[in-house]
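Enquirer: Quick one: the structure is below, questions incoming.
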Amino acid sequence: MGFAQQLLNHVPHLAHATQLHAEEASQGAASGESGESEVHQAGDFSSTARGAEELRRLEGALVRVDLLNNNNSQPLGPLGSPKQRFTAVFDTGSGITWVPGADCKSDTCSEHHRFGVDGSKSFQEFAPGARADGTIHYGTGQVEYVDGRDTLTFCDSHSDPGCHGMKAKQLKVESQPFGMSTNQTDYPFRILPFDGILGLAPSASSGSVMHALKKSNALDRNLFGVYLSEDTHRSGSISFGGIENAHIAPKSPLTWHQIQNDQEWTLAMKDILVDGKPLHICDDRPDGVCPAVVDTGSSLITGPSGEVEKLLSKVRLKEDCSNLGKLPNVSLRIADRNGVLTDYPLTPEEYTLKSLDEVPQTGNSEYLKEFPVLGGSGDQVPEVKPRCDPGMGVMDVPGRKWVIGDTFLRRYYSIYDDDRGLVGFAKSIHPDEAVAKDPVSPDAAAAPDTRMQKDTQAAMLFPWAAPCWRVKGKKRSTSCRSFL
């Protein structure tokens with residue numbers, strides 16, 4: 001599963017997601033849990049925080065890697081040495097790592113970083129009978145690859161950005177299997193802003209980075225923590241060997257959930273609530289459990305047809321964002337490792353994806369007068385209007401799994417404990433929320449959505465810097481959601 005579940009689809013309205021990573025999706029149903037009489041609220045800090053001491057013990061990562069927020073679609077991070085450096089989707093929903101190979105001669109590959117065997121002293125070629133060359137089929141494209149092994153390097157983004165020194169702050173993954181593409185379809189790979197995929201499934205998946213890390217004893221604790229930013233202008237972070245409490249809200253509870261499949265970060269979801277009212281989505285499943293994969297490579301929260309419609313019918317978001325303030329809260333109810341149910345609420349702001357639409361046949365030349373280099377006489381800057389899309393959709397995958405993607409993971413810091421087969425959630429804290437603690441002036445309190453206003457102005461003057469915008473009714477390469 002992973003990034004391919006939504007990234008390779010043309011999703012202008014984020015409502016028609018399709019299956020993309022079927023080859024990596026394992027079969028089987030999740031087992032059920034008891035204890036439905038007790039429910040915890042993940043966002044309730046009024047009680048004593050559960051797991052506060054454990055959060056302190058988990059602090060202290062060996063390496064922290066910054067993750068670029070790709071238009072609230074996927075977290076992208078660097079990997080490799082200065083000689084061969086790549087950008088990849090850090091994907092907990094995938095057990096496969098691949099990058100473009102030097103033998104891929106197409107324009108699609110040549111416009112990305114390519115791996116050259118001759119440029120690596122640690123590369124190991126598989127024996128012909130042991131290689132697993134093949135093709136990965138995606139919903140709108142495919143990748144053909146040959147197999148190999150090499151040492152994969154992560155460098156600490158805070159103390160050793162670019163891997164130019166500070167070997168003590170480097171994490172080396174010995175003998176990591178990966179694919180080197182020999183052919184990639186032009187669409188959609190040519191327009192995607194990353195080179196490949198980094199698979200972060202549990203270690204039972206033999207192709208996962210966690211498998212090689214665990215085998216080599218590279219980490220004292222085989223776990224990692226993921227923080228996803230909610231602002232496209234700010235980076236997220238992944239920390240290997242520990243967590244970063246700076247990204248976790250003070251007094252936030254920490255709740256651990258047992259994975260239901262040792263090759264996926266699959267949890268036992270029991271239901272979804274709208275304004276506190278259960279939808280009984282999983283009642284007809286075995287033991288009343290919907291298997292749900294925690295997947296950093298997927299933009300959305302998705303569910304199979306026949307189930308997710310119960311949720312979407314309650315969240316009818318208008319494209320112009322005009323009813324955003326009237327929509328209900330949505331909560332995911334997940335059984336923890338002891339069978340106790342925990343509700344994870346999301347506000348309408350949190351489960352909505354905002355973007356900007358360029359309006360045809362409109363314009364204003366006033367903005368260009370102060371920036372003559374940007375336009376000539378008579379040029380106009382088109383008007384842009386806000387657009388809202390739901391961060392939830394329909395997607396059918398083997399096993400009728402739900403996918404807990406970035407819509408959820410931006411709100412909750414996630415911890416992946418491979419040693420114990422657990423996934424932990426605690427409420428994230430974002431920079432804007434930290435600032436919001438300070439007293440707010442009456443004028444500031446009355447101001448409407450100033451960040452959207454600033455983004456709109458930025459899109460008028462500097463469209464390449466806007467978080468996401470498009471020409472309404474037209475396809476356009478600058479439209480971030482046209483290649484999600």
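How things are named: the first chain in the structure tokens is A, the next is B, and so on; residues count from 1 in each chain; ligands count from 1 in the order shown.
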May I have the residues within 8 Å of range 150-153 of chain A as a ChimeraX atom specification, using only C-alpha atoms and disregarding those fewer than 2 positions away in the same chain?
Expert: /A:79-81,122-124,148,155,170-178
Enquirer: Okay, now the selection with C-alpha atoms, as a PDB file, in the first residue's frame?
Expert:
ATOM      1  CA  LEU A  79      18.384   9.542   1.814  1.00  0.00           C
ATOM      2  CA  GLY A  80      21.814   8.477   0.599  1.00  0.00           C
ATOM      3  CA  SER A  81      25.298   9.974   0.650  1.00  0.00           C
ATOM      4  CA  SER A 122      29.099  -0.989  -1.006  1.00  0.00           C
ATOM      5  CA  PHE A 123      26.666  -2.146  -3.697  1.00  0.00           C
ATOM      6  CA  GLN A 124      25.966  -5.881  -3.739  1.00  0.00           C
ATOM      7  CA  GLY A 148      20.234  -5.107  -5.486  1.00  0.00           C
ATOM      8  CA  CYS A 155      21.932  11.873   8.301  1.00  0.00           C
ATOM      9  CA  GLN A 170      24.506   9.120  10.734  1.00  0.00           C
ATOM     10  CA  LEU A 171      22.376   5.980  10.622  1.00  0.00           C
ATOM     11  CA  LYS A 172      23.603   3.341   8.206  1.00  0.00           C
ATOM     12  CA  VAL A 173      21.309   0.548   7.068  1.00  0.00           C
ATOM     13  CA  GLU A 174      23.555  -2.301   5.947  1.00  0.00           C
ATOM     14  CA  SER A 175      22.591  -4.577   3.040  1.00  0.00           C
ATOM     15  CA  GLN A 176      19.261  -2.894   2.385  1.00  0.00           C
ATOM     16  CA  PRO A 177      17.443  -4.533  -0.553  1.00  0.00           C
ATOM     17  CA  PHE A 178      16.067  -2.052  -3.059  1.00  0.00           C
TER      18      PHE A 178
END
Enquirer: Enumerate, as an MDAnalysis selection string, the complete set of residues in range 151-385 of chain A that a backbone-based DSSP assignment places in strand (DSSP E).
Expert: chainID A and resid 151:155 170:184 196:199 223:227 236:240 255:258 266:274 277:278 290:294 301:303 330:335 341:346 352:358 384:385
Enquirer: At a cut-off of 8 Å, using only C-alpha atoms, what residues contact Leu317 in chain A? Leave out same-chain residues fewer than 3 positions from it and give the result as a PyMOL selection string.
Expert: chain A and resi 321+323-324+327+388-390
Enquirer: For the helix (DSSP H, G or I) assignment from backbone DSSP, which residues of range 54-160 of chain A qualify? Please present them as a PyMOL selection string.
Expert: chain A and resi 54-58+107-110+117-119
Enquirer: At a cut-off of 10 Å, using only C-alpha atoms, what residues contact Val308 in chain A? Leave out same-chain residues fewer than 2 positions from it and give the result as a list in words.
Expert: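 Residues meeting the cut-off are Ile272, Ile281, Ile301, Thr302, Gly303, Pro304, Ser305, Gly306, Lys310, Leu311, Leu312, Ser313, Met392, Gly393, Val394, Met395 and Trp402 of chain A.
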Enquirer: Write a file of the just-selected residues containing C-alpha atoms, as an mmCIF file, in the first residue's frame.
Expert:
data_model
loop_
_atom_site.group_PDB
_atom_site.id
_atom_site.type_symbol
_atom_site.label_atom_id
_atom_site.label_comp_id
_atom_site.auth_asym_id
_atom_site.auth_seq_id
_atom_site.Cartn_x
_atom_site.Cartn_y
_atom_site.Cartn_z
ATOM 1 C CA ILE A 272 -16.215 6.108 13.300
ATOM 2 C CA ILE A 281 -19.482 1.024 10.297
ATOM 3 C CA ILE A 301 -8.411 8.579 5.443
ATOM 4 C CA THR A 302 -10.021 6.025 3.149
ATOM 5 C CA GLY A 303 -12.374 3.094 3.465
ATOM 6 C CA PRO A 304 -13.913 0.482 1.203
ATOM 7 C CA SER A 305 -17.066 1.080 -0.773
ATOM 8 C CA GLY A 306 -20.132 0.055 1.167
ATOM 9 C CA LYS A 310 -21.823 6.207 5.795
ATOM 10 C CA LEU A 311 -19.165 8.734 6.795
ATOM 11 C CA LEU A 312 -19.070 10.787 3.605
ATOM 12 C CA SER A 313 -22.844 11.291 3.683
ATOM 13 C CA MET A 392 -11.487 11.345 3.315
ATOM 14 C CA GLY A 393 -12.470 9.150 0.399
ATOM 15 C CA VAL A 394 -13.319 5.762 -1.072
ATOM 16 C CA MET A 395 -10.638 3.201 -1.844
ATOM 17 C CA TRP A 402 -9.266 1.166 5.872
#
Enquirer: Out of A:Asn222, A:Val330, A:Tyr413, A:Gln263, which residue has the shortest atom-to-atom distance to Pro278 in chain A when counting only C-alpha atoms?
Expert: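 Under the stated criterion, the closest residue is A:Val330.
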Enquirer: To one decimal place, how far is CA of Ser428 in chain A from CA of Thr296 in chain A in Å?
Expert: 14.9 Å
Enquirer: Can you list, as number ranges by chain, every protein, DNA or RNA residue that comes within 12 Å of Arg57 in chain A when you count only C-alpha atoms, leaving out same-chain residues fewer than 6 positions away?
Expert: A: 51, 221, 241-245
Enquirer: Show me a table, sorted first by chain and then by increasing residue number, of the residues of range 191-269 of chain A having an atom at most 12 Å from range 84-99 of chain A, each with its shortest atom pair and the distance in Å to one decimal, counting only C-alpha atoms and written as a Markdown table.
Expert:
| residue | atom | partner | partner_atom | distance |
| --- | --- | --- | --- | --- |
| A:Leu192 | CA | A:Ala88 | CA | 10.6 |
| A:Pro193 | CA | A:Thr87 | CA | 8.3 |
| A:Phe194 | CA | A:Thr87 | CA | 5.2 |
| A:Asp195 | CA | A:Thr87 | CA | 5.4 |
| A:Gly196 | CA | A:Val99 | CA | 4.4 |
| A:Ile197 | CA | A:Ala88 | CA | 4.9 |
| A:Leu198 | CA | A:Thr97 | CA | 4.6 |
| A:Gly199 | CA | A:Gly95 | CA | 4.5 |
| A:Leu200 | CA | A:Thr92 | CA | 4.4 |
| A:Ala201 | CA | A:Gly95 | CA | 5.0 |
| A:Pro202 | CA | A:Gly95 | CA | 7.8 |
| A:Ser203 | CA | A:Gly95 | CA | 8.8 |
| A:Ala204 | CA | A:Gly95 | CA | 9.3 |
| A:Ser205 | CA | A:Gly95 | CA | 5.9 |
| A:Ser206 | CA | A:Gly95 | CA | 7.4 |
| A:Gly207 | CA | A:Gly95 | CA | 5.3 |
| A:Ser208 | CA | A:Gly95 | CA | 4.5 |
| A:Val209 | CA | A:Gly95 | CA | 7.7 |
| A:Met210 | CA | A:Gly95 | CA | 9.1 |
| A:His211 | CA | A:Gly95 | CA | 9.3 |
| A:Ala212 | CA | A:Gly95 | CA | 11.5 |
| A:Phe224 | CA | A:Thr92 | CA | 10.6 |
| A:Gly225 | CA | A:Thr92 | CA | 11.1 |
| A:Val226 | CA | A:Phe90 | CA | 9.8 |
| A:Tyr227 | CA | A:Phe90 | CA | 11.7 |
| A:Leu228 | CA | A:Phe90 | CA | 11.2 |
| A:Gly236 | CA | A:Phe90 | CA | 11.2 |
| A:Ser237 | CA | A:Phe90 | CA | 10.3 |
| A:Ile238 | CA | A:Phe90 | CA | 8.7 |
| A:Ser239 | CA | A:Phe90 | CA | 11.7 |
| A:Asp262 | CA | A:Gly95 | CA | 11.7 |
| A:Gln263 | CA | A:Gly95 | CA | 8.1 |
| A:Glu264 | CA | A:Gly93 | CA | 7.0 |
| A:Trp265 | CA | A:Gly93 | CA | 7.4 |
| A:Thr266 | CA | A:Gly93 | CA | 9.3 |
Enquirer: Using only N, CA and C atoms, please write the residues we just selected to a file, as a JSON list (two decimals), in the first residue's frame.
Expert:
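Okay, this is what ended up in selection-v5.json:
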[["chain", "number", "residue", "atom", "x", "y", "z"],
["A", 192, "LEU", "N", 6.20, 14.06, -10.79],
["A", 192, "LEU", "CA", 6.23, 13.93, -9.33],
["A", 192, "LEU", "C", 7.53, 14.53, -8.77],
["A", 193, "PRO", "N", 7.45, 15.18, -7.63],
["A", 193, "PRO", "CA", 8.60, 15.92, -7.09],
["A", 193, "PRO", "C", 9.54, 15.08, -6.24],
["A", 194, "PHE", "N", 9.52, 13.76, -6.40],
["A", 194, "PHE", "CA", 10.43, 12.91, -5.64],
["A", 194, "PHE", "C", 10.96, 11.82, -6.55],
["A", 195, "ASP", "N", 12.00, 11.15, -6.07],
["A", 195, "ASP", "CA", 12.67, 10.14, -6.89],
["A", 195, "ASP", "C", 12.07, 8.75, -6.71],
["A", 196, "GLY", "N", 11.83, 8.34, -5.46],
["A", 196, "GLY", "CA", 11.39, 6.97, -5.22],
["A", 196, "GLY", "C", 10.64, 6.82, -3.92],
["A", 197, "ILE", "N", 10.65, 5.57, -3.40],
["A", 197, "ILE", "CA", 9.88, 5.22, -2.21],
["A", 197, "ILE", "C", 10.81, 4.57, -1.19],
["A", 198, "LEU", "N", 10.63, 4.94, 0.08],
["A", 198, "LEU", "CA", 11.34, 4.30, 1.18],
["A", 198, "LEU", "C", 10.32, 3.52, 2.00],
["A", 199, "GLY", "N", 10.41, 2.20, 2.00],
["A", 199, "GLY", "CA", 9.44, 1.35, 2.67],
["A", 199, "GLY", "C", 9.73, 1.19, 4.15],
["A", 200, "LEU", "N", 8.76, 1.56, 5.00],
["A", 200, "LEU", "CA", 8.93, 1.53, 6.45],
["A", 200, "LEU", "C", 7.91, 0.62, 7.13],
["A", 201, "ALA", "N", 7.52, -0.46, 6.45],
["A", 201, "ALA", "CA", 6.64, -1.45, 7.05],
["A", 201, "ALA", "C", 7.37, -2.15, 8.20],
["A", 202, "PRO", "N", 6.67, -2.92, 9.05],
["A", 202, "PRO", "CA", 7.34, -3.64, 10.15],
["A", 202, "PRO", "C", 8.42, -4.58, 9.63],
["A", 203, "SER", "N", 9.32, -4.99, 10.52],
["A", 203, "SER", "CA", 10.49, -5.77, 10.13],
["A", 203, "SER", "C", 10.15, -7.16, 9.60],
["A", 204, "ALA", "N", 8.95, -7.68, 9.88],
["A", 204, "ALA", "CA", 8.55, -8.97, 9.32],
["A", 204, "ALA", "C", 8.45, -8.92, 7.80],
["A", 205, "SER", "N", 8.33, -7.72, 7.25],
["A", 205, "SER", "CA", 8.36, -7.54, 5.80],
["A", 205, "SER", "C", 9.82, -7.45, 5.38],
["A", 206, "SER", "N", 10.32, -8.44, 4.68],
["A", 206, "SER", "CA", 11.77, -8.59, 4.45],
["A", 206, "SER", "C", 12.38, -7.45, 3.65],
["A", 207, "GLY", "N", 11.57, -6.74, 2.86],
["A", 207, "GLY", "CA", 12.12, -5.63, 2.09],
["A", 207, "GLY", "C", 12.12, -4.31, 2.82],
["A", 208, "SER", "N", 11.54, -4.27, 4.01],
["A", 208, "SER", "CA", 11.42, -3.02, 4.76],
["A", 208, "SER", "C", 12.76, -2.58, 5.33],
["A", 209, "VAL", "N", 12.93, -1.27, 5.44],
["A", 209, "VAL", "CA", 14.12, -0.72, 6.09],
["A", 209, "VAL", "C", 14.21, -1.20, 7.53],
["A", 210, "MET", "N", 13.07, -1.35, 8.20],
["A", 210, "MET", "CA", 13.08, -1.82, 9.58],
["A", 210, "MET", "C", 13.63, -3.24, 9.70],
["A", 211, "HIS", "N", 13.45, -4.06, 8.69],
["A", 211, "HIS", "CA", 14.00, -5.42, 8.71],
["A", 211, "HIS", "C", 15.52, -5.37, 8.75],
["A", 212, "ALA", "N", 16.13, -4.55, 7.89],
["A", 212, "ALA", "CA", 17.59, -4.45, 7.85],
["A", 212, "ALA", "C", 18.13, -3.79, 9.11],
["A", 224, "PHE", "N", 10.49, 4.21, 15.60],
["A", 224, "PHE", "CA", 10.66, 5.56, 15.04],
["A", 224, "PHE", "C", 9.39, 6.34, 15.28],
["A", 225, "GLY", "N", 9.54, 7.66, 15.35],
["A", 225, "GLY", "CA", 8.41, 8.56, 15.55],
["A", 225, "GLY", "C", 8.25, 9.47, 14.35],
["A", 226, "VAL", "N", 7.00, 9.81, 14.01],
["A", 226, "VAL", "CA", 6.73, 10.64, 12.84],
["A", 226, "VAL", "C", 5.86, 11.83, 13.22],
["A", 227, "TYR", "N", 6.36, 13.01, 12.87],
["A", 227, "TYR", "CA", 5.58, 14.25, 13.01],
["A", 227, "TYR", "C", 5.35, 14.81, 11.62],
["A", 228, "LEU", "N", 4.09, 15.04, 11.26],
["A", 228, "LEU", "CA", 3.74, 15.65, 9.98],
["A", 228, "LEU", "C", 3.24, 17.06, 10.22],
["A", 236, "GLY", "N", 8.11, 18.51, 8.45],
["A", 236, "GLY", "CA", 7.84, 17.52, 9.49],
["A", 236, "GLY", "C", 9.13, 16.86, 9.89],
["A", 237, "SER", "N", 9.03, 15.69, 10.55],
["A", 237, "SER", "CA", 10.25, 15.05, 11.02],
["A", 237, "SER", "C", 10.00, 13.57, 11.29],
["A", 238, "ILE", "N", 11.00, 12.74, 11.01],
["A", 238, "ILE", "CA", 11.00, 11.35, 11.43],
["A", 238, "ILE", "C", 12.25, 11.13, 12.27],
["A", 239, "SER", "N", 12.08, 10.46, 13.40],
["A", 239, "SER", "CA", 13.20, 10.22, 14.32],
["A", 239, "SER", "C", 13.37, 8.72, 14.49],
["A", 262, "ASP", "N", 1.72, -8.81, 11.31],
["A", 262, "ASP", "CA", 3.13, -8.48, 11.60],
["A", 262, "ASP", "C", 3.86, -7.88, 10.41],
["A", 263, "GLN", "N", 3.23, -7.83, 9.23],
["A", 263, "GLN", "CA", 3.88, -7.21, 8.07],
["A", 263, "GLN", "C", 3.30, -5.84, 7.72],
["A", 264, "GLU", "N", 2.32, -5.39, 8.50],
["A", 264, "GLU", "CA", 1.72, -4.08, 8.27],
["A", 264, "GLU", "C", 1.44, -3.42, 9.61],
["A", 265, "TRP", "N", 1.41, -2.10, 9.60],
["A", 265, "TRP", "CA", 1.00, -1.36, 10.80],
["A", 265, "TRP", "C", -0.53, -1.27, 10.82],
["A", 266, "THR", "N", -1.17, -2.42, 10.93],
["A", 266, "THR", "CA", -2.63, -2.52, 10.86],
["A", 266, "THR", "C", -3.22, -2.57, 12.26]]
Enquirer: Distance table requested - range 245-332 of chain A against range 67-72 of chain A, cut-off 10 Å, only C-alpha atoms: one row per qualifying residue with the closest atom pair and its distance in Å to one decimal, ordered by chain and rising residue number, as CSV.
Expert:
residue,atom,partner,partner_atom,distance
A:Ser298,CA,A:Asn72,CA,9.9
A:Ser299,CA,A:Asn72,CA,6.9
A:Leu300,CA,A:Asn72,CA,9.5
Enquirer: Keeping only N, CA, C and O atoms, write the selected residues to a file as a PDB file, in the first residue's frame.
Expert:
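Saved to result32.pdb:
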ATOM      1  N   SER A 298      -0.059   7.779   2.355  1.00  0.00           N
ATOM      2  CA  SER A 298      -1.388   8.058   1.813  1.00  0.00           C
ATOM      3  C   SER A 298      -1.893   9.399   2.334  1.00  0.00           C
ATOM      4  O   SER A 298      -1.808   9.676   3.529  1.00  0.00           O
ATOM      5  N   SER A 299      -2.441  10.193   1.450  1.00  0.00           N
ATOM      6  CA  SER A 299      -2.897  11.525   1.834  1.00  0.00           C
ATOM      7  C   SER A 299      -4.124  11.488   2.732  1.00  0.00           C
ATOM      8  O   SER A 299      -4.263  12.324   3.629  1.00  0.00           O
ATOM      9  N   LEU A 300      -5.006  10.532   2.486  1.00  0.00           N
ATOM     10  CA  LEU A 300      -6.357  10.612   3.032  1.00  0.00           C
ATOM     11  C   LEU A 300      -6.650   9.513   4.047  1.00  0.00           C
ATOM     12  O   LEU A 300      -5.912   8.545   4.169  1.00  0.00           O
TER      13      LEU A 300
END
Enquirer: Find the spatial neighbours of Ala292 in chain A, counting only C-alpha atoms, within a cut-off of 12 Å - ignore same-chain residues fewer than 6 positions away - and output them as a CSV table (one decimal) with C-alpha atoms, in the first residue's frame.
Expert:
chain,number,residue,atom,x,y,z
A,1,MET,CA,0.0,0.0,0.0
A,25,ALA,CA,-1.4,-5.4,0.4
A,28,GLY,CA,-6.5,-11.6,6.2
A,29,ALA,CA,-8.8,-10.0,8.6
A,30,ALA,CA,-7.8,-8.3,11.9
A,31,SER,CA,-8.7,-9.9,15.1
A,93,GLY,CA,2.4,1.5,4.2
A,257,HIS,CA,-2.3,-0.1,19.8
A,258,GLN,CA,-1.4,-3.7,18.9
A,259,ILE,CA,-0.8,-4.3,15.3
A,260,GLN,CA,-3.0,-7.0,13.8
A,261,ASN,CA,-0.6,-8.2,11.0
A,264,GLU,CA,1.7,-4.1,8.3
A,265,TRP,CA,1.0,-1.4,10.8
A,266,THR,CA,-2.6,-2.5,10.9
A,267,LEU,CA,-4.8,-1.6,13.8
A,268,ALA,CA,-8.3,-2.7,15.1
A,269,MET,CA,-10.6,0.1,14.2
A,270,LYS,CA,-14.0,-0.4,15.8
A,271,ASP,CA,-16.1,2.5,14.5
A,272,ILE,CA,-16.2,6.1,13.3
A,282,CYS,CA,-17.7,-2.1,11.5
A,301,ILE,CA,-8.4,8.6,5.4
A,302,THR,CA,-10.0,6.0,3.1
A,303,GLY,CA,-12.4,3.1,3.5
A,304,PRO,CA,-13.9,0.5,1.2
A,332,LEU,CA,-11.9,7.3,14.8
A,333,ARG,CA,-12.5,4.7,17.5
A,334,ILE,CA,-9.6,2.3,17.8
A,335,ALA,CA,-9.1,-0.6,20.3
A,397,VAL,CA,-7.9,-2.6,-1.3
A,398,PRO,CA,-7.4,-6.4,-0.7
A,399,GLY,CA,-8.8,-7.3,2.7
A,400,ARG,CA,-11.3,-4.4,2.6
A,401,LYS,CA,-8.9,-2.4,4.7
A,402,TRP,CA,-9.3,1.2,5.9
A,403,VAL,CA,-6.3,3.5,5.5
A,404,ILE,CA,-5.3,6.0,8.2
A,405,GLY,CA,-3.4,8.5,6.2
A,423,VAL,CA,1.7,1.8,17.2
Enquirer: Report, in Å with one decimal, the straight-line distance from CA of Leu409 in chain A to CA of Pro253 in chain A.
Expert: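 Spanning CA of Leu409 in chain A to CA of Pro253 in chain A is a straight-line distance of 15.5 Å.
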